[in-house]
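Student: I am sharing model-v3.tsv, which consists of TSV, C-alpha atoms:
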```
chain	number	residue	atom	x	y	z
A	1	MET	CA	162.47	-185.76	-33.44
A	2	SER	CA	161.34	-183.31	-30.78
A	3	PRO	CA	157.78	-181.97	-30.61
A	4	LEU	CA	156.84	-179.16	-32.95
A	5	PRO	CA	158.13	-175.83	-31.62
A	6	HIS	CA	155.37	-173.76	-30.07
A	7	SER	CA	156.09	-171.06	-32.66
A	8	ARG	CA	154.84	-173.44	-35.37
A	9	LEU	CA	151.68	-174.16	-33.45
A	10	ARG	CA	150.62	-170.73	-32.29
A	11	SER	CA	148.54	-168.15	-34.07
A	12	SER	CA	150.21	-165.08	-35.57
A	13	GLY	CA	149.50	-163.12	-32.37
A	14	GLY	CA	151.71	-165.46	-30.34
A	15	THR	CA	149.01	-166.41	-27.82
A	16	PRO	CA	148.07	-170.11	-27.86
A	17	THR	CA	144.54	-170.67	-29.13
A	18	ALA	CA	142.35	-173.70	-28.43
A	19	PRO	CA	143.48	-175.38	-31.70
A	20	ASP	CA	147.10	-174.57	-30.80
A	21	ARG	CA	146.76	-176.36	-27.48
A	22	LEU	CA	145.02	-179.33	-29.08
A	23	LEU	CA	147.76	-179.68	-31.68
A	24	SER	CA	150.45	-179.35	-29.01
A	25	VAL	CA	149.08	-182.50	-27.38
A	26	LEU	CA	149.45	-184.45	-30.63
A	27	ALA	CA	152.88	-182.91	-31.25
A	28	ALA	CA	154.05	-184.27	-27.89
A	29	PHE	CA	154.25	-187.70	-29.54
A	30	ASP	CA	157.13	-188.57	-31.86
A	31	HIS	CA	159.26	-191.57	-32.82
A	32	GLU	CA	161.28	-191.29	-29.62
A	33	HIS	CA	158.14	-190.82	-27.52
A	34	PRO	CA	155.35	-193.01	-29.02
A	35	ALA	CA	153.78	-193.71	-25.60
A	36	LEU	CA	153.22	-191.03	-22.96
A	37	CYS	CA	151.46	-190.76	-19.63
A	38	LEU	CA	149.29	-187.71	-18.93
A	39	THR	CA	152.05	-185.99	-16.93
A	40	ASP	CA	154.52	-186.39	-19.81
A	41	ILE	CA	151.99	-185.05	-22.30
A	42	SER	CA	151.38	-182.04	-20.09
A	43	ARG	CA	155.11	-181.34	-19.79
A	44	ARG	CA	156.01	-181.88	-23.44
A	45	ALA	CA	153.01	-179.87	-24.68
A	46	GLY	CA	153.68	-177.00	-22.28
A	47	LEU	CA	150.20	-177.23	-20.79
A	48	SER	CA	148.82	-177.37	-17.29
A	49	LEU	CA	147.84	-180.82	-16.10
A	50	THR	CA	144.17	-179.77	-15.99
A	51	THR	CA	144.20	-178.50	-19.59
A	52	ALA	CA	146.11	-181.55	-20.81
A	53	HIS	CA	143.62	-183.86	-19.09
A	54	ARG	CA	140.68	-182.14	-20.78
A	55	LEU	CA	142.24	-182.16	-24.25
A	56	VAL	CA	143.52	-185.71	-23.98
A	57	GLY	CA	140.05	-186.82	-22.97
A	58	ALA	CA	138.51	-185.17	-26.03
A	59	LEU	CA	141.12	-186.64	-28.36
A	60	THR	CA	140.70	-190.09	-26.85
A	61	GLU	CA	136.94	-189.95	-27.22
A	62	TRP	CA	137.30	-189.02	-30.90
A	63	GLY	CA	139.90	-191.75	-31.48
A	64	ALA	CA	142.99	-189.63	-32.14
A	65	LEU	CA	144.54	-191.09	-28.97
A	66	GLU	CA	144.16	-194.49	-27.33
A	67	ARG	CA	144.76	-195.36	-23.66
A	68	ASP	CA	146.11	-198.76	-22.72
A	69	GLU	CA	145.49	-200.75	-19.53
A	70	SER	CA	148.46	-199.12	-17.77
A	71	GLY	CA	147.08	-195.63	-18.40
A	72	VAL	CA	149.62	-194.74	-21.09
A	73	TYR	CA	148.45	-192.98	-24.24
A	74	HIS	CA	149.32	-193.79	-27.87
A	75	ILE	CA	148.33	-192.29	-31.23
A	76	GLY	CA	144.96	-193.75	-32.20
A	77	LEU	CA	143.84	-195.51	-35.34
A	78	ARG	CA	141.33	-192.76	-36.14
A	79	LEU	CA	144.22	-190.37	-36.72
A	80	TRP	CA	145.89	-192.93	-39.00
A	81	GLU	CA	142.67	-193.24	-41.00
A	82	VAL	CA	142.61	-189.49	-41.59
A	83	ALA	CA	146.34	-189.34	-42.40
A	84	ALA	CA	145.86	-192.10	-44.98
A	85	LEU	CA	143.82	-189.63	-47.05
A	86	ALA	CA	146.87	-187.40	-47.62
A	87	PRO	CA	147.71	-187.52	-51.37
A	88	ARG	CA	151.44	-187.39	-50.58
A	89	GLY	CA	151.16	-190.25	-48.09
A	90	LEU	CA	149.46	-193.60	-48.42
A	91	ALA	CA	148.02	-192.90	-51.89
A	92	LEU	CA	151.45	-192.06	-53.30
A	93	ARG	CA	152.98	-195.05	-51.50
A	94	GLN	CA	150.46	-197.45	-53.05
A	95	ILE	CA	151.20	-196.17	-56.56
A	96	ALA	CA	154.96	-196.27	-56.03
A	97	LEU	CA	155.25	-199.61	-54.21
A	98	PRO	CA	155.54	-201.91	-57.28
A	99	TYR	CA	158.41	-199.81	-58.62
A	100	LEU	CA	160.10	-199.66	-55.21
A	101	GLU	CA	159.85	-203.45	-55.00
A	102	ASP	CA	161.43	-203.78	-58.45
A	103	LEU	CA	164.29	-201.52	-57.35
A	104	TYR	CA	164.74	-203.60	-54.20
A	105	GLU	CA	164.83	-206.84	-56.20
A	106	ALA	CA	167.48	-205.33	-58.48
A	107	THR	CA	169.70	-204.17	-55.59
A	108	HIS	CA	168.64	-205.96	-52.37
A	109	GLU	CA	169.53	-202.74	-50.57
A	110	ASN	CA	167.53	-200.12	-48.69
A	111	VAL	CA	164.94	-198.47	-50.95
A	112	GLN	CA	163.19	-195.30	-49.84
A	113	LEU	CA	160.42	-192.96	-50.96
A	114	ALA	CA	160.18	-189.46	-49.50
A	115	VAL	CA	158.39	-186.14	-49.90
A	116	ARG	CA	159.35	-182.63	-48.83
A	117	ASP	CA	157.78	-180.83	-45.90
A	118	GLY	CA	159.34	-177.40	-45.49
A	119	GLY	CA	163.08	-177.81	-45.03
A	120	GLU	CA	162.86	-181.53	-44.29
A	121	VAL	CA	162.22	-184.82	-46.05
A	122	VAL	CA	159.55	-187.13	-44.68
A	123	TYR	CA	159.95	-190.82	-45.49
A	124	ILE	CA	156.66	-192.44	-46.52
A	125	GLU	CA	158.02	-195.88	-47.49
A	126	TRP	CA	161.13	-197.92	-46.78
A	127	LEU	CA	162.07	-201.42	-47.97
A	128	SER	CA	165.08	-203.17	-46.50
A	129	GLY	CA	166.72	-206.57	-46.53
A	130	ARG	CA	168.54	-208.39	-43.71
A	131	SER	CA	171.94	-207.78	-45.31
A	132	ALA	CA	171.33	-204.12	-46.23
A	133	VAL	CA	173.42	-201.40	-44.60
A	134	GLY	CA	171.91	-199.99	-41.40
A	135	VAL	CA	170.16	-196.64	-41.77
A	136	HIS	CA	168.59	-194.15	-39.35
A	137	ILE	CA	165.32	-194.21	-41.28
A	138	ARG	CA	161.77	-195.34	-40.58
A	139	VAL	CA	158.45	-194.45	-42.15
A	140	GLY	CA	157.54	-191.00	-40.89
A	141	ALA	CA	161.12	-190.04	-40.05
A	142	ARG	CA	162.41	-186.58	-40.95
A	143	TRP	CA	165.86	-185.36	-41.96
A	144	PRO	CA	167.17	-182.03	-43.28
A	145	LEU	CA	167.05	-181.79	-47.07
A	146	HIS	CA	170.78	-181.28	-47.65
A	147	ALA	CA	171.86	-184.38	-45.71
A	148	THR	CA	170.15	-187.12	-47.75
A	149	GLY	CA	169.95	-188.23	-51.35
A	150	VAL	CA	166.17	-187.84	-51.53
A	151	GLY	CA	166.49	-184.45	-49.86
A	152	LEU	CA	169.03	-183.23	-52.41
A	153	ALA	CA	166.80	-184.42	-55.26
A	154	LEU	CA	163.82	-182.56	-53.81
A	155	LEU	CA	165.76	-179.41	-52.94
A	156	ALA	CA	167.40	-179.23	-56.37
A	157	HIS	CA	163.99	-179.05	-58.04
A	158	GLY	CA	162.37	-176.73	-55.53
A	159	ASP	CA	161.43	-173.11	-55.98
A	160	PRO	CA	164.56	-170.97	-56.61
A	161	GLU	CA	163.70	-168.58	-53.77
A	162	PHE	CA	163.28	-171.50	-51.37
A	163	GLN	CA	166.61	-172.94	-52.50
A	164	LYS	CA	168.32	-169.60	-51.93
A	165	ALA	CA	166.90	-169.27	-48.42
A	166	TYR	CA	167.73	-172.88	-47.55
A	167	CYS	CA	171.32	-172.68	-48.80
A	168	ALA	CA	171.85	-169.59	-46.65
A	169	GLY	CA	171.73	-171.95	-43.69
A	170	PRO	CA	172.24	-172.94	-41.05
A	171	LEU	CA	173.10	-176.37	-42.45
A	172	ALA	CA	173.17	-179.08	-39.77
A	173	SER	CA	176.16	-181.44	-39.83
A	174	PHE	CA	176.04	-185.11	-38.83
A	175	THR	CA	179.39	-186.45	-40.05
A	176	PRO	CA	182.59	-184.86	-41.39
A	177	TYR	CA	181.16	-185.47	-44.88
A	178	THR	CA	177.86	-183.62	-44.43
A	179	ILE	CA	177.48	-180.71	-46.84
A	180	SER	CA	177.57	-177.67	-44.57
A	181	ASP	CA	178.99	-175.07	-46.96
A	182	PRO	CA	176.37	-173.07	-48.92
A	183	VAL	CA	178.60	-172.66	-51.97
A	184	ARG	CA	179.26	-176.39	-52.18
A	185	LEU	CA	175.57	-177.13	-51.68
A	186	ARG	CA	174.59	-174.89	-54.60
A	187	ARG	CA	177.13	-176.67	-56.81
A	188	VAL	CA	175.74	-180.06	-55.78
A	189	LEU	CA	172.17	-178.96	-56.53
A	190	ALA	CA	173.20	-177.75	-59.98
A	191	GLU	CA	174.79	-181.14	-60.67
A	192	VAL	CA	171.61	-182.91	-59.51
A	193	ARG	CA	169.55	-180.89	-61.99
A	194	ARG	CA	172.07	-181.59	-64.76
A	195	THR	CA	172.22	-185.35	-64.27
A	196	GLY	CA	168.73	-186.07	-62.92
A	197	ALA	CA	170.20	-187.94	-59.95
A	198	ALA	CA	171.57	-187.06	-56.50
A	199	VAL	CA	174.41	-188.79	-54.64
A	200	SER	CA	174.69	-188.35	-50.87
A	201	ASP	CA	177.94	-189.85	-49.64
A	202	ARG	CA	178.31	-190.58	-45.89
A	203	GLN	CA	176.33	-187.51	-44.88
A	204	VAL	CA	174.20	-189.09	-42.15
A	205	THR	CA	176.43	-192.04	-41.23
A	206	ASP	CA	180.02	-192.59	-42.31
A	207	ASP	CA	179.34	-196.02	-43.85
A	208	ALA	CA	176.42	-195.38	-46.24
A	209	LEU	CA	175.88	-193.78	-49.63
A	210	SER	CA	172.55	-193.04	-51.28
A	211	VAL	CA	171.57	-192.44	-54.88
A	212	ALA	CA	168.25	-190.67	-55.49
A	213	ALA	CA	166.12	-189.39	-58.34
A	214	PRO	CA	163.09	-187.08	-58.48
A	215	VAL	CA	159.55	-188.34	-59.01
A	216	ARG	CA	157.31	-186.05	-61.07
A	217	GLY	CA	153.58	-185.56	-60.89
A	218	ARG	CA	151.14	-185.15	-63.75
A	219	ASP	CA	152.16	-181.52	-64.38
A	220	GLY	CA	155.90	-182.31	-64.41
A	221	THR	CA	156.71	-180.76	-61.03
A	222	VAL	CA	158.68	-182.88	-58.58
A	223	ALA	CA	156.33	-184.52	-56.08
A	224	ALA	CA	158.66	-186.97	-54.35
A	225	ALA	CA	162.04	-188.69	-54.58
A	226	VAL	CA	163.15	-192.31	-54.57
A	227	SER	CA	166.53	-193.60	-53.44
A	228	VAL	CA	168.63	-196.66	-52.77
A	229	VAL	CA	171.09	-196.70	-49.85
A	230	VAL	CA	174.17	-198.93	-50.06
A	231	PRO	CA	177.39	-199.44	-48.09
A	232	HIS	CA	179.88	-196.71	-49.00
A	233	ALA	CA	182.69	-199.22	-49.44
A	234	ASP	CA	180.78	-201.24	-52.05
A	235	ALA	CA	178.95	-198.42	-53.82
A	236	ALA	CA	178.81	-198.78	-57.59
A	237	VAL	CA	177.26	-195.40	-58.35
A	238	PRO	CA	177.38	-195.64	-62.18
A	239	ALA	CA	175.31	-198.86	-62.01
A	240	LEU	CA	172.89	-197.55	-59.39
A	241	VAL	CA	171.99	-194.27	-61.10
A	242	PRO	CA	170.16	-195.86	-64.09
A	243	ALA	CA	168.26	-198.24	-61.80
A	244	VAL	CA	167.10	-195.45	-59.49
A	245	ARG	CA	166.18	-193.17	-62.38
A	246	LEU	CA	164.20	-196.00	-64.00
A	247	ALA	CA	162.22	-196.52	-60.78
A	248	ALA	CA	161.57	-192.78	-60.46
A	249	ARG	CA	160.49	-192.58	-64.07
A	250	GLY	CA	158.10	-195.53	-63.62
A	251	ILE	CA	156.48	-193.91	-60.58
A	252	SER	CA	156.25	-190.60	-62.43
A	253	ARG	CA	154.42	-192.23	-65.34
A	254	ALA	CA	152.10	-194.02	-62.93
A	255	LEU	CA	151.28	-190.59	-61.48
A	256	GLY	CA	150.37	-189.35	-64.97
A	257	TRP	CA	153.59	-187.66	-66.09
A	258	ARG	CA	154.05	-187.78	-69.86
A	259	PRO	CA	157.28	-186.03	-70.93
A	260	GLU	CA	156.47	-186.68	-74.58
A	261	ASP	CA	153.41	-184.45	-74.12
A	262	GLY	CA	155.48	-181.47	-73.10
A	263	GLY	CA	156.33	-182.36	-69.52
A	264	VAL	CA	159.52	-181.23	-67.83
A	265	ARG	CA	162.57	-183.14	-69.07
A	266	PRO	CA	164.52	-185.32	-66.62
A	267	GLY	CA	167.31	-183.36	-64.98
A	268	THR	CA	165.54	-180.00	-65.21
A	269	GLY	CA	163.69	-177.97	-62.68
A	270	PRO	CA	162.43	-174.47	-61.90
A	271	SER	CA	165.96	-173.08	-61.72
A	272	ASP	CA	166.76	-174.30	-65.22
A	273	ARG	CA	163.82	-172.76	-67.02
```
Step by step, read the file and then write its structure as structure tokens.
Tutor:
Amino acid sequence: MSPLPHSRLRSSGGTPTAPDRLLSVLAAFDHEHPALCLTDISRRAGLSLTTAHRLVGALTEWGALERDESGVYHIGLRLWEVAALAPRGLALRQIALPYLEDLYEATHENVQLAVRDGGEVVYIEWLSGRSAVGVHIRVGARWPLHATGVGLALLAHGDPEFQKAYCAGPLASFTPYTISDPVRLRRVLAEVRRTGAAVSDRQVTDDALSVAAPVRGRDGTVAAAVSVVVPHADAAVPALVPAVRLAARGISRALGWRPEDGGVRPGTGPSDR
């Protein structure tokens, strides 16, 4: 993923503030660029070399960045410590992990846990076996909501106004099977809400299929989604759906969701009420 656009980092007036510039340094790092020299940070952050040097120094002193013996910078452990406090990150992963492991043992395929951030899914856990189908996923990776099983599960249970705006596009396409038509996407989301499960068939790669289900928090709103990714050629969707829904239901209960106490029923969301 590329660095955050400057429009996401700047204040409403459009002029970069000191916090904007500081965040632009951190945003220069991503999965394709985990290690950067000072010149690269300056270029990718859109800052002068002098400003980048000053900000990198402050971030390194605090521990958000670390500098190795060759002079290259990496994200520091101090930043990881702070990120671990995010309730939708490490805390959620720790609660969900036993259920993800059960799902992996039942399928021996890729198992994923993701949350929504704007119009994207962010993967916070991924379990995979040696024989599982290859996927373009890693912890921290982002993909558009409409192109993945977890994304469809999250989008289907999102705010109706957000769904409407998202479906209006543009909808990025990665394979000939990616859902890029707004009308079709709305139909798919309605089916996800009806069945309580999402199926994404060859949308990111033309050899994989994913089955996902929503994970609910204490108040019944969807907080995350869990999925299993299998080879398209061998996909047994009717057998996978119950297993994925069982894992999602287990995580939901561990988070405090009690449907018998008046929580939202599986397969329903804001658009259905």
Student: Which residues are close to A:Leu55, i.e. within 12 Å by all atoms listed in the file, leaving aside same-chain residues fewer than 2 positions away? Reply as a list in words.
Tutor: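 Within the cut-off, the hits are Ala18, Pro19, Asp20, Arg21, Leu22, Leu23, Ser24, Val25, Leu26, Leu38, Ile41, Ser42, Ala45, Leu47, Ser48, Leu49, Thr50, Thr51, Ala52, His53, Gly57, Ala58, Leu59, Thr60, Glu61, Trp62, Ala64 and Leu65 of chain A.
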Student: Could you write out the selected residues, including C-alpha atoms, as a short mmCIF file (atom, residue, chain, number, x, y, z; two decimals), in the frame of the given file?
Tutor:
```
data_model
loop_
_atom_site.label_atom_id
_atom_site.label_comp_id
_atom_site.auth_asym_id
_atom_site.auth_seq_id
_atom_site.Cartn_x
_atom_site.Cartn_y
_atom_site.Cartn_z
CA ALA A 18 142.35 -173.70 -28.43
CA PRO A 19 143.48 -175.38 -31.70
CA ASP A 20 147.10 -174.57 -30.80
CA ARG A 21 146.76 -176.36 -27.48
CA LEU A 22 145.02 -179.33 -29.08
CA LEU A 23 147.76 -179.68 -31.68
CA SER A 24 150.45 -179.35 -29.01
CA VAL A 25 149.08 -182.50 -27.38
CA LEU A 26 149.45 -184.45 -30.63
CA LEU A 38 149.29 -187.71 -18.93
CA ILE A 41 151.99 -185.05 -22.30
CA SER A 42 151.38 -182.04 -20.09
CA ALA A 45 153.01 -179.87 -24.68
CA LEU A 47 150.20 -177.23 -20.79
CA SER A 48 148.82 -177.37 -17.29
CA LEU A 49 147.84 -180.82 -16.10
CA THR A 50 144.17 -179.77 -15.99
CA THR A 51 144.20 -178.50 -19.59
CA ALA A 52 146.11 -181.55 -20.81
CA HIS A 53 143.62 -183.86 -19.09
CA GLY A 57 140.05 -186.82 -22.97
CA ALA A 58 138.51 -185.17 -26.03
CA LEU A 59 141.12 -186.64 -28.36
CA THR A 60 140.70 -190.09 -26.85
CA GLU A 61 136.94 -189.95 -27.22
CA TRP A 62 137.30 -189.02 -30.90
CA ALA A 64 142.99 -189.63 -32.14
CA LEU A 65 144.54 -191.09 -28.97
#
```
Student: Tell me, in Å to one decimal, how far atom CA of A:Thr195 is from atom CA of A:Ser227.
Tutor: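 Between these atoms lies a distance of 14.8 Å.
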Student: Tell me, as a VMD selection string, which residues lie within 12 Å of A:Arg116, counting all atoms listed in the file; anything in the same chain fewer than 4 positions away does not count.
Tutor: chain A and resid 88 to 89 120 to 124 140 to 146 148 150 to 158 214 to 215 222 to 226
Student: Which of these, A:Ala147, A:Arg187, A:Val230, A:Pro170, has the shortest distance to A:Ser200 once you count all atoms listed in the file?
Tutor: A:Ala147
Student: Could you please give me, as a ChimeraX atom specification, the residues of protein, DNA or RNA lying at most 12 Å from (177.3, -186.7, -31.3) in the coordinate frame of the file, considering all atoms listed in the file?
Tutor: /A:173-176,204-205
Student: Take the residues from that selection and put them in a file with C-alpha atoms, as a compact mmCIF listing (two decimals), in the frame of the given file.
Tutor:
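File again-v8.txt, as written:
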```
# COMPACT_ATOMS: atom_id res chain seq x y z
CA SER A 173 176.16 -181.44 -39.83
CA PHE A 174 176.04 -185.11 -38.83
CA THR A 175 179.39 -186.45 -40.05
CA PRO A 176 182.59 -184.86 -41.39
CA VAL A 204 174.20 -189.09 -42.15
CA THR A 205 176.43 -192.04 -41.23
```
Student: Measuring atom to atom with all atoms listed in the file, identify which of A:Cys37, A:Pro259, A:Tyr166, A:Arg218 is nearest to A:Glu69.
Tutor: A:Cys37
Student: Out of A:Pro182, A:Gly149, A:Gly46, A:Gly76, which residue has the shortest atom-to-atom distance to A:Val111 when counting only C-alpha atoms?
Tutor: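 Checking each candidate against A:Val111, we get A:Gly149 as the closest.
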Student: Kindly indicate which residue among A:Ala165, A:Ala91, A:Leu127, A:Val211 lies nearest to A:Gln112, using all atoms listed in the file for the distances.
Tutor: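 With all atoms listed in the file as the atom set, the closest residue is A:Leu127.
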Student: Between atom CA of A:Leu85 and atom CA of A:Val56, what is the spacing in Å?
Tutor: 23.4 Å
Student: State, in Å with one decimal place, the distance from atom CA of A:Gly118 to atom CA of A:Thr221.
Tutor: 16.1 Å
